[in-house]
file input-v4.tsv (TSV, C-alpha atoms)
chain	number	residue	atom	x	y	z
A	1	MET	CA	0.00	0.00	0.00
A	2	GLY	CA	1.32	3.50	-0.80
A	3	LEU	CA	2.04	6.00	1.95
A	4	PHE	CA	0.51	9.45	1.63
A	5	GLY	CA	1.48	12.80	3.11
A	6	ASN	CA	-0.74	12.57	6.20
A	7	GLN	CA	-0.74	11.23	9.74
A	8	PHE	CA	-3.17	8.37	9.10
A	9	ALA	CA	-2.12	4.79	9.52
A	10	SER	CA	-0.50	3.01	6.57
A	11	ILE	CA	0.49	-0.63	6.35
A	12	ILE	CA	3.92	-1.94	5.38
A	13	GLU	CA	3.61	-5.61	4.50
A	14	TRP	CA	4.37	-8.23	1.87
A	15	LYS	CA	0.81	-8.84	0.74
A	16	GLU	CA	1.43	-10.90	-2.38
A	17	PHE	CA	3.75	-13.37	-0.68
A	18	ARG	CA	4.87	-16.24	-2.97
A	19	ASP	CA	6.81	-19.38	-2.08
A	20	ASP	CA	9.11	-18.92	-5.08
A	21	VAL	CA	10.14	-15.34	-4.24
A	22	ILE	CA	13.28	-14.99	-2.11
A	23	PHE	CA	12.87	-11.34	-1.22
A	24	TRP	CA	10.55	-8.46	-2.02
A	25	LYS	CA	11.36	-4.78	-1.62
A	26	TRP	CA	8.81	-2.38	-0.18
A	27	LYS	CA	9.86	1.02	-1.44
A	28	ASP	CA	7.61	4.03	-0.99
A	29	SER	CA	8.55	7.61	-0.40
A	30	GLU	CA	7.52	8.07	3.24
A	31	ILE	CA	6.75	6.21	6.46
A	32	ARG	CA	4.39	8.26	8.61
A	33	LYS	CA	3.95	8.26	12.37
A	34	LYS	CA	0.94	5.95	12.50
A	35	SER	CA	2.31	3.45	10.00
A	36	ARG	CA	2.39	-0.22	10.97
A	37	LEU	CA	4.64	-3.11	10.00
A	38	ILE	CA	3.17	-6.58	9.52
A	39	ILE	CA	5.56	-9.55	9.48
A	40	LYS	CA	3.98	-12.85	8.49
A	41	PRO	CA	5.21	-16.38	9.26
A	42	GLY	CA	8.28	-17.28	7.20
A	43	GLN	CA	9.34	-13.65	6.71
A	44	ASP	CA	12.00	-11.36	8.12
A	45	ALA	CA	11.85	-7.58	7.65
A	46	VAL	CA	15.09	-5.68	6.98
A	47	PHE	CA	15.11	-1.88	7.42
A	48	LEU	CA	17.45	0.25	5.31
A	49	TYR	CA	18.05	3.96	5.78
A	50	ASN	CA	20.23	5.86	3.29
A	51	GLY	CA	21.37	2.49	1.95
A	52	ARG	CA	22.53	1.33	5.38
A	53	LEU	CA	21.17	-1.71	7.20
A	54	GLU	CA	19.42	-0.38	10.31
A	55	GLY	CA	17.72	-3.43	11.78
A	56	ILE	CA	16.43	-6.94	11.11
A	57	PHE	CA	13.09	-7.99	12.59
A	58	THR	CA	12.45	-11.73	12.71
A	59	ASP	CA	9.37	-12.18	14.90
A	60	GLU	CA	6.02	-12.34	13.17
A	61	GLY	CA	3.41	-9.82	14.30
A	62	ASP	CA	1.82	-6.41	13.85
A	63	TYR	CA	4.06	-3.54	14.99
A	64	GLU	CA	3.65	0.20	15.35
A	65	ILE	CA	6.55	1.84	13.53
A	66	ALA	CA	6.97	4.84	15.86
A	67	SER	CA	6.95	2.99	19.18
A	68	GLN	CA	8.02	-0.58	18.38
A	69	ILE	CA	10.38	-0.35	15.39
A	70	VAL	CA	12.21	3.00	15.28
A	71	PRO	CA	13.56	2.73	18.88
A	72	PHE	CA	15.49	-0.36	17.81
A	73	LEU	CA	17.00	1.04	14.61
A	74	SER	CA	20.69	1.71	15.13
A	75	SER	CA	21.00	5.34	14.00
A	76	LEU	CA	17.35	6.37	14.32
A	77	LYS	CA	16.72	5.82	18.04
A	78	ASN	CA	16.17	9.54	18.59
A	79	PHE	CA	14.07	10.07	15.47
A	80	ARG	CA	10.83	11.91	16.22
A	81	PHE	CA	7.92	11.73	13.82
A	82	GLY	CA	6.08	14.95	13.14
A	83	PHE	CA	3.76	16.39	10.54
A	84	ASN	CA	6.64	17.58	8.41
A	85	ASN	CA	9.25	14.92	9.11
A	86	PRO	CA	8.15	11.46	7.93
A	87	LEU	CA	10.76	8.74	7.83
A	88	ARG	CA	12.18	7.92	4.41
A	89	ALA	CA	13.37	4.33	4.45
A	90	GLU	CA	13.21	1.03	2.59
A	91	VAL	CA	11.97	-2.29	3.94
A	92	ILE	CA	13.04	-5.58	2.39
A	93	PHE	CA	11.02	-8.66	3.25
A	94	VAL	CA	13.07	-11.88	3.10
A	95	ASN	CA	11.59	-15.35	2.69
A	96	THR	CA	13.27	-17.44	5.40
A	97	LYS	CA	12.34	-20.90	4.08
A	98	GLU	CA	14.74	-23.43	2.62
A	99	PHE	CA	14.13	-23.75	-1.12
A	100	THR	CA	14.52	-27.04	-3.00
A	101	VAL	CA	15.00	-27.00	-6.78
A	102	LYS	CA	15.24	-29.76	-9.38
A	103	TRP	CA	18.17	-29.72	-11.77
A	104	GLY	CA	19.30	-31.72	-14.79
A	105	THR	CA	22.08	-31.60	-17.36
A	106	LYS	CA	21.21	-29.73	-20.53
A	107	ASN	CA	23.54	-31.89	-22.60
A	108	PRO	CA	25.45	-35.15	-21.94
A	109	VAL	CA	28.76	-34.65	-20.16
A	110	MET	CA	31.42	-36.48	-22.19
A	111	LEU	CA	34.02	-38.27	-20.06
A	112	ALA	CA	37.23	-39.71	-21.47
A	113	SER	CA	37.02	-43.49	-21.84
A	114	PRO	CA	39.68	-45.95	-23.10
A	115	THR	CA	37.00	-48.15	-24.66
A	116	LEU	CA	34.89	-45.41	-26.27
A	117	PRO	CA	36.75	-43.17	-28.77
A	118	GLY	CA	34.16	-40.40	-28.50
A	119	GLY	CA	34.02	-40.58	-24.74
A	120	LEU	CA	31.41	-41.81	-22.28
A	121	PRO	CA	28.21	-39.71	-22.39
A	122	VAL	CA	26.82	-39.12	-18.90
A	123	ARG	CA	23.60	-37.37	-17.93
A	124	ALA	CA	22.62	-36.47	-14.38
A	125	HIS	CA	19.73	-34.99	-12.49
A	126	GLY	CA	18.76	-34.35	-8.89
A	127	THR	CA	17.90	-31.52	-6.50
A	128	PHE	CA	19.68	-28.78	-4.61
A	129	SER	CA	18.48	-26.81	-1.61
A	130	PHE	CA	19.43	-23.29	-0.55
A	131	LYS	CA	18.48	-20.44	1.76
A	132	VAL	CA	19.46	-16.84	2.39
A	133	SER	CA	22.43	-16.72	4.78
A	134	ASP	CA	23.77	-13.15	4.56
A	135	TYR	CA	21.17	-10.39	4.31
A	136	MET	CA	23.66	-7.56	3.83
A	137	CYS	CA	25.47	-9.38	1.03
A	138	LEU	CA	22.15	-10.15	-0.69
A	139	ILE	CA	21.13	-6.49	-0.39
A	140	ASP	CA	24.47	-5.18	-1.68
A	141	THR	CA	24.63	-7.49	-4.71
A	142	ILE	CA	21.00	-8.11	-5.68
A	143	ALA	CA	18.43	-5.99	-3.84
A	144	GLY	CA	20.14	-2.78	-4.88
A	145	VAL	CA	19.08	-3.36	-8.49
A	146	LYS	CA	16.07	-5.69	-8.22
A	147	LYS	CA	12.71	-5.27	-6.52
A	148	GLN	CA	12.43	-9.04	-6.05
A	149	PHE	CA	14.54	-12.15	-6.55
A	150	THR	CA	13.07	-15.56	-7.36
A	151	VAL	CA	13.97	-19.24	-7.13
A	152	GLU	CA	14.18	-19.29	-10.93
A	153	ASP	CA	16.88	-16.61	-10.79
A	154	VAL	CA	18.98	-18.86	-8.54
A	155	ARG	CA	18.27	-21.96	-10.65
A	156	GLU	CA	19.55	-20.15	-13.73
A	157	ARG	CA	22.73	-19.14	-11.89
A	158	VAL	CA	23.33	-22.71	-10.79
A	159	SER	CA	22.52	-24.17	-14.23
A	160	SER	CA	25.02	-21.88	-15.93
A	161	SER	CA	27.93	-23.48	-14.07
A	162	LEU	CA	26.62	-26.96	-13.29
A	163	ASP	CA	27.74	-28.75	-16.47
A	164	THR	CA	31.33	-27.54	-15.95
A	165	LEU	CA	31.31	-28.61	-12.30
A	166	LEU	CA	29.92	-32.01	-13.23
A	167	MET	CA	32.65	-32.50	-15.81
A	168	THR	CA	35.31	-31.59	-13.23
A	169	TRP	CA	34.04	-33.84	-10.45
A	170	LEU	CA	33.04	-36.77	-12.64
A	171	SER	CA	36.50	-36.71	-14.24
A	172	LYS	CA	38.11	-36.86	-10.80
A	173	ALA	CA	35.94	-39.82	-9.82
A	174	GLY	CA	36.90	-42.09	-12.73
A	175	SER	CA	35.78	-43.19	-16.17
A	176	SER	CA	33.59	-46.20	-15.43
A	177	VAL	CA	29.96	-46.29	-14.34
A	178	ILE	CA	30.94	-48.40	-11.31
A	179	GLU	CA	33.52	-45.85	-10.17
A	180	LEU	CA	31.01	-43.02	-10.56
A	181	GLN	CA	28.43	-44.89	-8.51
A	182	GLN	CA	30.95	-45.72	-5.78
A	183	LYS	CA	32.01	-42.11	-5.47
A	184	SER	CA	28.57	-40.51	-5.83
A	185	ILE	CA	28.62	-39.03	-2.30
A	186	GLU	CA	32.10	-37.58	-2.86
A	187	ILE	CA	30.95	-36.06	-6.17
A	188	CYS	CA	27.85	-34.50	-4.59
A	189	ASP	CA	29.84	-33.05	-1.69
A	190	GLY	CA	32.37	-31.55	-4.09
A	191	ILE	CA	29.74	-29.94	-6.31
A	192	LYS	CA	27.83	-28.69	-3.25
A	193	GLY	CA	31.00	-27.04	-1.91
A	194	ASP	CA	31.77	-25.33	-5.21
A	195	LEU	CA	28.19	-24.10	-5.67
A	196	ASP	CA	28.14	-22.85	-2.09
A	197	MET	CA	31.29	-20.80	-2.68
A	198	GLU	CA	29.77	-19.32	-5.83
A	199	LEU	CA	26.39	-18.37	-4.31
A	200	PHE	CA	28.03	-17.14	-1.11
A	201	LYS	CA	28.96	-14.09	-3.19
A	202	ILE	CA	25.28	-13.09	-3.28
A	203	GLY	CA	24.41	-14.05	0.29
A	204	ILE	CA	22.97	-17.52	-0.38
A	205	SER	CA	24.10	-20.88	1.01
A	206	ILE	CA	23.66	-24.29	-0.59
A	207	THR	CA	22.31	-26.56	2.15
A	208	ASN	CA	22.01	-29.82	0.20
A	209	PHE	CA	22.87	-31.29	-3.20
A	210	THR	CA	21.71	-34.66	-4.51
A	211	MET	CA	22.38	-36.46	-7.79

call {"tool": "encode", "arguments": {"input": "input-v4.tsv", "output": "structure tokens"}}
result
Amino acid sequence: MGLFGNQFASIIEWKEFRDDVIFWKWKDSEIRKKSRLIIKPGQDAVFLYNGRLEGIFTDEGDYEIASQIVPFLSSLKNFRFGFNNPLRAEVIFVNTKEFTVKWGTKNPVMLASPTLPGGLPVRAHGTFSFKVSDYMCLIDTIAGVKKQFTVEDVRERVSSSLDTLLMTWLSKAGSSVIELQQKSIEICDGIKGDLDMELFKIGISITNFTM
């Protein structure tokens, strides 16, 4: 809901909450004295002021901005609402759930094989799980340019590097189907670690990887 230049109550909330959206940015011009913040189950609310993280609110509920939120914001504890001095800030709602996504190779990964001149074609599929781990990193790298970020955005990032990672880890494991099966856990752990390092750059952690 938009906030207007008056003292009447306005609501700051993520109304159109979707399971596939990782964060959503509430960005209006002004927060007035009687405004309220609503945090629903599975959400955290992150307050930004002049681009700086001011506070993270993790408990669901209905809060009065002036009395229950502002006193806990790091540099705004002495802020006083008045008719002519509304608070100009941003609120980013973060989905706290763990997301699970299916993946599959776009093309066969060709492994060197002494018995097959063209190599051994290998396809793979499975799932990976992730969640937001660093709010400030996510805000700095993604939320600064996007109003929302979805599971599909993360899936595309993972898919763009997955074939190369598979080639690397499958090659380390061996060239026979038996060797690949025997080392499947080692392969998954290696890919999970590499993906985690990559997504750590945008504030996301890989919590599980199966193949």

call {"tool": "residues_around", "arguments": {"input": "input-v4.tsv", "residues": "Phe47 in chain A", "least_positions_apart": "4", "cutoff": "10 Å", "atoms": "all atoms listed in the file", "output": "MDAnalysis selection string"}}
result
chainID A and resid 26 51:57 69:70 73 89:93

call {"tool": "write_last_selection", "arguments": {"input": "input-v4.tsv", "atoms": "C-alpha atoms", "output": "PDB file, keeping the file's coordinate frame"}}
result
ATOM      1  CA  TRP A  26       8.810  -2.380  -0.180  1.00  0.00           C
ATOM      2  CA  GLY A  51      21.370   2.490   1.950  1.00  0.00           C
ATOM      3  CA  ARG A  52      22.530   1.330   5.380  1.00  0.00           C
ATOM      4  CA  LEU A  53      21.170  -1.710   7.200  1.00  0.00           C
ATOM      5  CA  GLU A  54      19.420  -0.380  10.310  1.00  0.00           C
ATOM      6  CA  GLY A  55      17.720  -3.430  11.780  1.00  0.00           C
ATOM      7  CA  ILE A  56      16.430  -6.940  11.110  1.00  0.00           C
ATOM      8  CA  PHE A  57      13.090  -7.990  12.590  1.00  0.00           C
ATOM      9  CA  ILE A  69      10.380  -0.350  15.390  1.00  0.00           C
ATOM     10  CA  VAL A  70      12.210   3.000  15.280  1.00  0.00           C
ATOM     11  CA  LEU A  73      17.000   1.040  14.610  1.00  0.00           C
ATOM     12  CA  ALA A  89      13.370   4.330   4.450  1.00  0.00           C
ATOM     13  CA  GLU A  90      13.210   1.030   2.590  1.00  0.00           C
ATOM     14  CA  VAL A  91      11.970  -2.290   3.940  1.00  0.00           C
ATOM     15  CA  ILE A  92      13.040  -5.580   2.390  1.00  0.00           C
ATOM     16  CA  PHE A  93      11.020  -8.660   3.250  1.00  0.00           C
TER      17      PHE A  93
END

call {"tool": "closest_residue", "arguments": {"input": "input-v4.tsv", "among": "A:Asp134, A:Glu98, A:Asp140, A:Asp19", "to": "Gly203 in chain A", "atoms": "all atoms listed in the file"}}
result
A:Asp134

call {"tool": "residues_around", "arguments": {"input": "input-v4.tsv", "residues": "Met167 in chain A", "least_positions_apart": "6", "cutoff": "9 Å", "atoms": "only C-alpha atoms", "output": "ChimeraX atom specification"}}
result
/A:109-111

call {"tool": "write_last_selection", "arguments": {"input": "input-v4.tsv", "atoms": "C-alpha atoms", "output": "PDB file, keeping the file's coordinate frame"}}
result
ATOM      1  CA  VAL A 109      28.760 -34.650 -20.160  1.00  0.00           C
ATOM      2  CA  MET A 110      31.420 -36.480 -22.190  1.00  0.00           C
ATOM      3  CA  LEU A 111      34.020 -38.270 -20.060  1.00  0.00           C
TER       4      LEU A 111
END

call {"tool": "residues_near_point", "arguments": {"input": "input-v4.tsv", "point": "(10.2, -8.6, -1.9)", "cutoff": "9 Å", "atoms": "all atoms listed in the file", "output": "VMD selection string"}}
result
chain A and resid 14 17 21 to 26 91 to 95 143 147 to 149

call {"tool": "write_last_selection", "arguments": {"input": "input-v4.tsv", "atoms": "C-alpha atoms", "output": "PDB file, in the frame of the given file"}}
result
ATOM      1  CA  TRP A  14       4.370  -8.230   1.870  1.00  0.00           C
ATOM      2  CA  PHE A  17       3.750 -13.370  -0.680  1.00  0.00           C
ATOM      3  CA  VAL A  21      10.140 -15.340  -4.240  1.00  0.00           C
ATOM      4  CA  ILE A  22      13.280 -14.990  -2.110  1.00  0.00           C
ATOM      5  CA  PHE A  23      12.870 -11.340  -1.220  1.00  0.00           C
ATOM      6  CA  TRP A  24      10.550  -8.460  -2.020  1.00  0.00           C
ATOM      7  CA  LYS A  25      11.360  -4.780  -1.620  1.00  0.00           C
ATOM      8  CA  TRP A  26       8.810  -2.380  -0.180  1.00  0.00           C
ATOM      9  CA  VAL A  91      11.970  -2.290   3.940  1.00  0.00           C
ATOM     10  CA  ILE A  92      13.040  -5.580   2.390  1.00  0.00           C
ATOM     11  CA  PHE A  93      11.020  -8.660   3.250  1.00  0.00           C
ATOM     12  CA  VAL A  94      13.070 -11.880   3.100  1.00  0.00           C
ATOM     13  CA  ASN A  95      11.590 -15.350   2.690  1.00  0.00           C
ATOM     14  CA  ALA A 143      18.430  -5.990  -3.840  1.00  0.00           C
ATOM     15  CA  LYS A 147      12.710  -5.270  -6.520  1.00  0.00           C
ATOM     16  CA  GLN A 148      12.430  -9.040  -6.050  1.00  0.00           C
ATOM     17  CA  PHE A 149      14.540 -12.150  -6.550  1.00  0.00           C
TER      18      PHE A 149
END

call {"tool": "atom_distance", "arguments": {"input": "input-v4.tsv", "atom1": "CA of Arg123 in chain A", "atom2": "CA of Val177 in chain A"}}
result
11.5 Å

call {"tool": "atom_distance", "arguments": {"input": "input-v4.tsv", "atom1": "CA of Lys201 in chain A", "atom2": "CA of Ser133 in chain A"}}
result
10.6 Å

call {"tool": "closest_residue", "arguments": {"input": "input-v4.tsv", "among": "A:Asn78, A:Ser159, A:Val46, A:Ala112", "to": "Ala173 in chain A", "atoms": "only C-alpha atoms"}}
result
A:Ala112
